[in-house]
Each structure stands twice: as structure tokens, then as C-alpha cells.
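K.L.:
Quick one: this structure, given as C-alpha cells, is what I'll be asking you about.
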Amino acid sequence: MARSSSGIVAGLTVAAIAAVGFLAFQASANVPDSLGKPSKTVSTTPTAPKAPHGKKDPAALPAPSGAGVRVVYSTGGDRVWLVGAGNKVRRTFKVTPGTVDPAVGTYAVTSRTGAASGSDGTQIEHVVRFTLVNGIAIGFSAAVNGSTDAPDPEKKLGGIRASRADGDAMWAFATVGAKVVVVK
């Protein structure tokens with residue numbers, strides 16, 4: 001009797017696998033076009049769009065910039081990306097760096113100040129700080145007068161200046177604890 005029951009179980013298992021395979025095939029054949037079937041190759045790594053003439057688009061999110069909701073700052077490209085859920089860039093903009101750069105790495109926003117006087121004496125707003133380098137605070141801000149002029153190279157300054165509109169966007173996006181990824 002043990003042999004016949006194991007034969008029945010094996011037969012039922014084969015029938016169940018065949019039924020599931022058939023139903024999966026039927027379901028995949030009837031997916032509406034509006035759902036957009038995935039292509040044969042799926043990549044989870046963001047690819048940088050190409051600018052005209054095959055050059056890399058400087059506004060494209062750098063590939064090695066982490067994952068999740070984050071601020072990405074390129075010290076080499078003097079650009080910031082505000083990246084939301086699903087790795088979607090909500091906004092990108094050029095910035096004017098201070099004279100002291102943070103090291104490449106991942107940080108968190110440590111403090112914010114609505115309005116202050118920058119270490120260069122400029123009235124600034126929407127200050128979002130994320131690290132210190134040799135006692136110099138590094139963070140994003142916007143000059144109240146709208147200036148994004150290069151800082152005095154003789155001074156040690158950590159302010160990364162954006163336009164007022166971009167500073168507003170940073171202020172709304174990067175609250176205390178938000179991830180900041182610095183890339184080259």
C-alpha cells in the first residue's frame with residue numbers, strides 16, 4: 001500500500017506542477033499592454049543619458065551614488081541631485097563650492113538653520129549642514145542676495161552655494177537625518 005500511495009502523491013505532484021505552469025503561461029500571455037511587459041534584460045543600475053555627440057550628460061545622476069532617498073553632491077562636477085523614491089531625480093542643479101571639500105562618502109544632515117551670516121560675511125538662508133572638515137562646517141545654502149560667486153580662495157569656507165530657488169528645494173527636501181552622498 002505504501003508503494004501505491006507514493007505513486008499517487010508523485011502523480012498528483014506532477015499534475016499540480018503542470019497546472020501551475022499552464023496557468024502561469026496563460027497569465028503571461030494575457031497581460032494588458034498598458035502594464036508594459038518587462039524587456040528581456042532588466043538593469044537596476046541607473047545609466048547616464050548621453051548628451052549630443054556621444055558625450056556623457058553632465059546632469060545625469062552619477063552611477064555610484066548609492067540608493068534610496070538622498071542628496072547627491074559631486075565635488076568634481078559642482079552639481080547636486082535631489083533623489084526621491086525609486087531612484088527618481090526630483091531636481092538637479094549647479095552649485096558653487098566653498099574652498100574646503102568634504103571627502104567622498106555617505107553622510108546625514110546634522111543641522112539646519114533658516115537664516116544666518118556665512119563665514120564669508122554673506123547673509124545666507126536655508127543652511128543644510130552635513131559634516132565638518134577640520135572644524136569647518138560643510139553644508140548647502142543660498143545667499144539672500146542671490147549671489148553664487150566663487151568664494152575667496154584665501155579663506156577656508158565650507159558653504160556650497162546654490163541659487164535661492166535651488167536652496168528652497170534643498171531646504172524642503174533635506175531635513176535633519178537625510179542621507180547625503182558625496183561623489184567625486
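Here's how to read the names in the C-alpha cells: chain A, B, ... by the order shown, residue numbers from 1 in each chain, ligand numbers from 1 in the order shown.
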Show which residues sit within 9 Å of Ala137 of chain A, as a list in words. Count only C-alpha atoms, and ignore same-chain residues fewer than 4 positions away.
P.N.:
Arg129, Phe130, Thr131, Leu132, Val133, Leu157, Gly158 and Gly159 of chain A
K.L.:
Those selected residues, please, written with all heavy atoms and delivered as an mmCIF file, in the first residue's frame.
P.N.:
data_model
loop_
_atom_site.group_PDB
_atom_site.id
_atom_site.type_symbol
_atom_site.label_atom_id
_atom_site.label_comp_id
_atom_site.auth_asym_id
_atom_site.auth_seq_id
_atom_site.Cartn_x
_atom_site.Cartn_y
_atom_site.Cartn_z
ATOM 1 N N ARG A 129 23.525 71.581 6.906
ATOM 2 C CA ARG A 129 24.881 71.103 7.185
ATOM 3 C C ARG A 129 24.902 69.585 7.291
ATOM 4 O O ARG A 129 23.969 68.983 7.815
ATOM 5 C CB ARG A 129 25.382 71.693 8.497
ATOM 6 C CG ARG A 129 25.563 73.193 8.459
ATOM 7 C CD ARG A 129 25.979 73.725 9.848
ATOM 8 N NE ARG A 129 25.600 75.114 9.987
ATOM 9 C CZ ARG A 129 24.414 75.549 10.397
ATOM 10 N NH1 ARG A 129 23.471 74.696 10.731
ATOM 11 N NH2 ARG A 129 24.169 76.838 10.472
ATOM 12 N N PHE A 130 26.037 68.980 6.819
ATOM 13 C CA PHE A 130 26.116 67.525 6.887
ATOM 14 C C PHE A 130 27.450 66.982 7.377
ATOM 15 O O PHE A 130 27.561 65.785 7.632
ATOM 16 C CB PHE A 130 25.734 66.885 5.544
ATOM 17 C CG PHE A 130 26.614 67.265 4.384
ATOM 18 C CD1 PHE A 130 27.719 66.486 4.043
ATOM 19 C CD2 PHE A 130 26.335 68.386 3.626
ATOM 20 C CE1 PHE A 130 28.519 66.833 2.967
ATOM 21 C CE2 PHE A 130 27.120 68.738 2.549
ATOM 22 C CZ PHE A 130 28.226 67.952 2.212
ATOM 23 N N THR A 131 28.485 67.806 7.536
ATOM 24 C CA THR A 131 29.750 67.300 8.092
ATOM 25 C C THR A 131 30.645 68.464 8.497
ATOM 26 O O THR A 131 30.357 69.638 8.210
ATOM 27 C CB THR A 131 30.490 66.380 7.089
ATOM 28 O OG1 THR A 131 31.542 65.683 7.778
ATOM 29 C CG2 THR A 131 31.054 67.137 5.907
ATOM 30 N N LEU A 132 31.743 68.123 9.146
ATOM 31 C CA LEU A 132 32.809 69.062 9.484
ATOM 32 C C LEU A 132 34.107 68.547 8.890
ATOM 33 O O LEU A 132 34.354 67.338 8.888
ATOM 34 C CB LEU A 132 32.998 69.162 11.003
ATOM 35 C CG LEU A 132 31.918 69.853 11.820
ATOM 36 C CD1 LEU A 132 32.196 69.655 13.301
ATOM 37 C CD2 LEU A 132 31.857 71.324 11.498
ATOM 38 N N VAL A 133 34.923 69.451 8.395
ATOM 39 C CA VAL A 133 36.261 69.108 7.913
ATOM 40 C C VAL A 133 37.228 70.048 8.631
ATOM 41 O O VAL A 133 37.183 71.265 8.425
ATOM 42 C CB VAL A 133 36.386 69.274 6.376
ATOM 43 C CG1 VAL A 133 37.826 69.050 5.932
ATOM 44 C CG2 VAL A 133 35.453 68.323 5.648
ATOM 45 N N LEU A 157 36.378 77.999 3.601
ATOM 46 C CA LEU A 157 34.919 78.090 3.616
ATOM 47 C C LEU A 157 34.294 76.768 3.181
ATOM 48 O O LEU A 157 34.726 76.162 2.199
ATOM 49 C CB LEU A 157 34.458 79.213 2.686
ATOM 50 C CG LEU A 157 35.061 80.603 2.974
ATOM 51 C CD1 LEU A 157 34.743 81.566 1.841
ATOM 52 C CD2 LEU A 157 34.540 81.125 4.297
ATOM 53 N N GLY A 158 33.284 76.352 3.900
ATOM 54 C CA GLY A 158 32.624 75.077 3.597
ATOM 55 C C GLY A 158 31.243 75.217 3.002
ATOM 56 O O GLY A 158 30.573 74.215 2.767
ATOM 57 N N GLY A 159 30.814 76.451 2.754
ATOM 58 C CA GLY A 159 29.478 76.665 2.197
ATOM 59 C C GLY A 159 29.401 76.290 0.727
ATOM 60 O O GLY A 159 30.212 76.742 -0.075
#
K.L.:
Skipping near chain neighbours, those fewer than 2 positions away, what residues fall within 6 Å of Ile124 of chain A using only C-alpha atoms, listed as number ranges by chain?
P.N.:
A: 115-117, 142-144
K.L.:
Could you name the residues that touch Val180 of chain A at 7 Å or less, counting only C-alpha atoms, but leaving out those on the same chain fewer than 4 positions away, as a ChimeraX atom specification?
P.N.:
/A:70-72,106-109
K.L.:
Would you pick out the contacts of Ala162 of chain A at 8 Å or less, using only C-alpha atoms, so that residues sharing its chain but fewer than 4 positions from it are not included, and give the list as a PyMOL selection string?
P.N.:
chain A and resi 93-96+140-143+148+166-167
K.L.:
Using C-alpha atoms, can you write the selected residues to a file as a tab-separated table (two decimals), in the first residue's frame?
P.N.:
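Output saved as part-v1.tsv:
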chain	number	residue	atom	x	y	z
A	93	PHE	CA	21.30	71.99	-10.16
A	94	LYS	CA	24.77	73.52	-10.35
A	95	VAL	CA	26.36	74.84	-7.16
A	96	THR	CA	29.37	76.93	-6.26
A	140	PHE	CA	24.41	73.79	1.39
A	141	SER	CA	22.98	77.30	1.46
A	142	ALA	CA	21.76	80.16	-0.69
A	143	ALA	CA	22.86	83.78	-0.49
A	148	THR	CA	26.61	82.35	-6.42
A	166	ASP	CA	17.52	75.65	-5.56
A	167	GLY	CA	18.18	76.49	-1.90
K.L.:
Given only C-alpha atoms as the basis, pick out the residue of A:Gly84, A:Pro102, A:Gly146, A:Pro64 nearest to Glu125 of chain A.
P.N.:
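Using only C-alpha atoms, Glu125 of chain A sits closest to A:Gly146.
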K.L.:
Could you check which of A:Gly76, A:Gly98, A:Val128, A:Lys156 is closest to Arg112 of chain A, using only C-alpha atoms?
P.N.:
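Smallest distance to Arg112 of chain A is found for A:Val128.
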K.L.:
Give the strand (DSSP E or B) residues of segment 46-160 of chain A, as DSSP finds them on the backbone, and put them as JSON, numbers by chain.
P.N.:
{"A": [50, 56, 70, 71, 72, 73, 74, 79, 80, 81, 82, 83, 89, 90, 91, 92, 93, 94, 96, 105, 106, 107, 108, 111, 112, 113, 114, 115, 116, 117, 123, 124, 125, 126, 127, 128, 129, 130, 131, 132, 133, 136, 137, 138, 139, 140, 141, 142, 143, 159, 160]}
K.L.:
Please save N, CA and C atoms of the selected residues as a compact mmCIF listing (two decimals), in the first residue's frame.
P.N.:
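After the write, out11.txt holds the following:
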# COMPACT_ATOMS: atom_id res chain seq x y z
N LYS A 50 23.15 60.00 -22.64
CA LYS A 50 24.23 60.61 -23.43
C LYS A 50 23.78 61.97 -23.94
N LYS A 56 28.87 62.13 -22.28
CA LYS A 56 28.02 61.89 -21.11
C LYS A 56 27.31 63.18 -20.71
N ARG A 70 17.90 60.48 -1.23
CA ARG A 70 19.19 61.05 -0.84
C ARG A 70 19.47 62.33 -1.61
N VAL A 71 20.44 63.08 -1.08
CA VAL A 71 21.04 64.21 -1.78
C VAL A 71 22.37 63.70 -2.30
N VAL A 72 22.67 63.93 -3.56
CA VAL A 72 23.95 63.54 -4.13
C VAL A 72 24.68 64.82 -4.50
N TYR A 73 25.93 64.93 -4.05
CA TYR A 73 26.75 66.10 -4.34
C TYR A 73 28.04 65.66 -5.01
N SER A 74 28.30 66.16 -6.21
CA SER A 74 29.53 65.85 -6.93
C SER A 74 30.52 67.00 -6.75
N ARG A 79 27.73 69.85 -8.78
CA ARG A 79 26.31 69.65 -9.06
C ARG A 79 25.68 68.85 -7.92
N VAL A 80 24.39 69.11 -7.71
CA VAL A 80 23.61 68.42 -6.69
C VAL A 80 22.39 67.78 -7.36
N TRP A 81 22.04 66.59 -6.87
CA TRP A 81 20.83 65.91 -7.29
C TRP A 81 20.00 65.63 -6.05
N LEU A 82 18.71 65.91 -6.10
CA LEU A 82 17.78 65.54 -5.05
C LEU A 82 17.06 64.30 -5.58
N VAL A 83 17.34 63.15 -4.97
CA VAL A 83 16.85 61.88 -5.48
C VAL A 83 15.76 61.34 -4.56
N VAL A 89 15.23 61.28 -9.98
CA VAL A 89 15.80 62.60 -9.71
C VAL A 89 14.66 63.61 -9.70
N ARG A 90 14.46 64.24 -8.56
CA ARG A 90 13.42 65.28 -8.45
C ARG A 90 13.91 66.62 -8.96
N ARG A 91 15.22 66.86 -8.75
CA ARG A 91 15.79 68.15 -9.17
C ARG A 91 17.30 68.00 -9.21
N THR A 92 17.93 68.67 -10.14
CA THR A 92 19.39 68.74 -10.19
C THR A 92 19.77 70.17 -10.50
N PHE A 93 20.89 70.61 -9.94
CA PHE A 93 21.30 71.99 -10.16
C PHE A 93 22.79 72.15 -9.90
N LYS A 94 23.36 73.17 -10.54
CA LYS A 94 24.77 73.52 -10.35
C LYS A 94 24.90 74.28 -9.03
N THR A 96 28.03 76.36 -6.38
CA THR A 96 29.37 76.93 -6.26
C THR A 96 29.94 76.43 -4.94
N GLY A 105 31.91 60.05 0.33
CA GLY A 105 31.31 59.17 1.33
C GLY A 105 29.85 59.48 1.54
N THR A 106 29.27 58.80 2.53
CA THR A 106 27.86 58.96 2.85
C THR A 106 27.74 59.64 4.21
N TYR A 107 26.89 60.64 4.28
CA TYR A 107 26.70 61.44 5.48
C TYR A 107 25.20 61.55 5.77
N ALA A 108 24.88 62.23 6.85
CA ALA A 108 23.49 62.56 7.17
C ALA A 108 23.44 64.04 7.52
N SER A 111 22.35 69.39 10.90
CA SER A 111 21.64 70.56 11.42
C SER A 111 21.17 71.44 10.27
N ARG A 112 20.22 72.30 10.59
CA ARG A 112 19.67 73.24 9.60
C ARG A 112 19.44 74.58 10.29
N THR A 113 19.63 75.64 9.53
CA THR A 113 19.39 76.98 10.04
C THR A 113 18.66 77.77 8.96
N GLY A 114 17.58 78.43 9.32
CA GLY A 114 16.78 79.18 8.34
C GLY A 114 17.50 80.36 7.75
N ALA A 115 18.21 81.13 8.59
CA ALA A 115 18.95 82.30 8.11
C ALA A 115 20.15 82.52 9.02
N ALA A 116 21.24 82.97 8.42
CA ALA A 116 22.47 83.20 9.18
C ALA A 116 23.39 84.07 8.36
N SER A 117 24.53 84.37 8.96
CA SER A 117 25.60 85.06 8.25
C SER A 117 26.66 84.01 7.95
N GLN A 123 24.98 87.21 3.91
CA GLN A 123 23.72 86.75 4.53
C GLN A 123 23.23 85.56 3.72
N ILE A 124 22.99 84.45 4.41
CA ILE A 124 22.56 83.23 3.74
C ILE A 124 21.27 82.70 4.37
N GLU A 125 20.60 81.83 3.61
CA GLU A 125 19.38 81.20 4.12
C GLU A 125 19.38 79.72 3.76
N HIS A 126 18.49 79.00 4.41
CA HIS A 126 18.29 77.57 4.14
C HIS A 126 19.60 76.79 4.21
N VAL A 127 20.27 76.90 5.33
CA VAL A 127 21.55 76.24 5.56
C VAL A 127 21.29 74.79 5.98
N VAL A 128 21.87 73.86 5.23
CA VAL A 128 21.71 72.42 5.50
C VAL A 128 23.11 71.85 5.65
N ARG A 129 23.52 71.58 6.91
CA ARG A 129 24.88 71.10 7.18
C ARG A 129 24.90 69.59 7.29
N PHE A 130 26.04 68.98 6.82
CA PHE A 130 26.12 67.52 6.89
C PHE A 130 27.45 66.98 7.38
N THR A 131 28.49 67.81 7.54
CA THR A 131 29.75 67.30 8.09
C THR A 131 30.64 68.46 8.50
N LEU A 132 31.74 68.12 9.15
CA LEU A 132 32.81 69.06 9.48
C LEU A 132 34.11 68.55 8.89
N VAL A 133 34.92 69.45 8.39
CA VAL A 133 36.26 69.11 7.91
C VAL A 133 37.23 70.05 8.63
N ILE A 136 35.60 72.99 10.10
CA ILE A 136 34.85 73.85 9.18
C ILE A 136 33.56 73.13 8.79
N ALA A 137 32.42 73.80 9.06
CA ALA A 137 31.12 73.21 8.72
C ALA A 137 30.95 73.17 7.21
N ILE A 138 30.49 72.01 6.72
CA ILE A 138 30.23 71.83 5.30
C ILE A 138 28.72 71.67 5.13
N GLY A 139 28.16 72.48 4.24
CA GLY A 139 26.73 72.39 4.01
C GLY A 139 26.28 73.23 2.84
N PHE A 140 25.03 73.07 2.50
CA PHE A 140 24.41 73.79 1.39
C PHE A 140 23.71 75.03 1.92
N SER A 141 23.69 76.08 1.09
CA SER A 141 22.98 77.30 1.46
C SER A 141 22.75 78.13 0.22
N ALA A 142 21.99 79.20 0.39
CA ALA A 142 21.76 80.16 -0.69
C ALA A 142 22.00 81.56 -0.14
N ALA A 143 22.66 82.39 -0.91
CA ALA A 143 22.86 83.78 -0.49
C ALA A 143 21.54 84.52 -0.66
N GLY A 159 30.81 76.45 2.75
CA GLY A 159 29.48 76.67 2.20
C GLY A 159 29.40 76.29 0.73
N ILE A 160 28.43 75.46 0.38
CA ILE A 160 28.17 75.08 -1.01
C ILE A 160 26.95 75.89 -1.42
K.L.:
Would you compute the distance between atom CA of Asp78 of chain A and atom CA of Ala150 of chain A? Give it in Å to one decimal.
P.N.:
11.6 Å
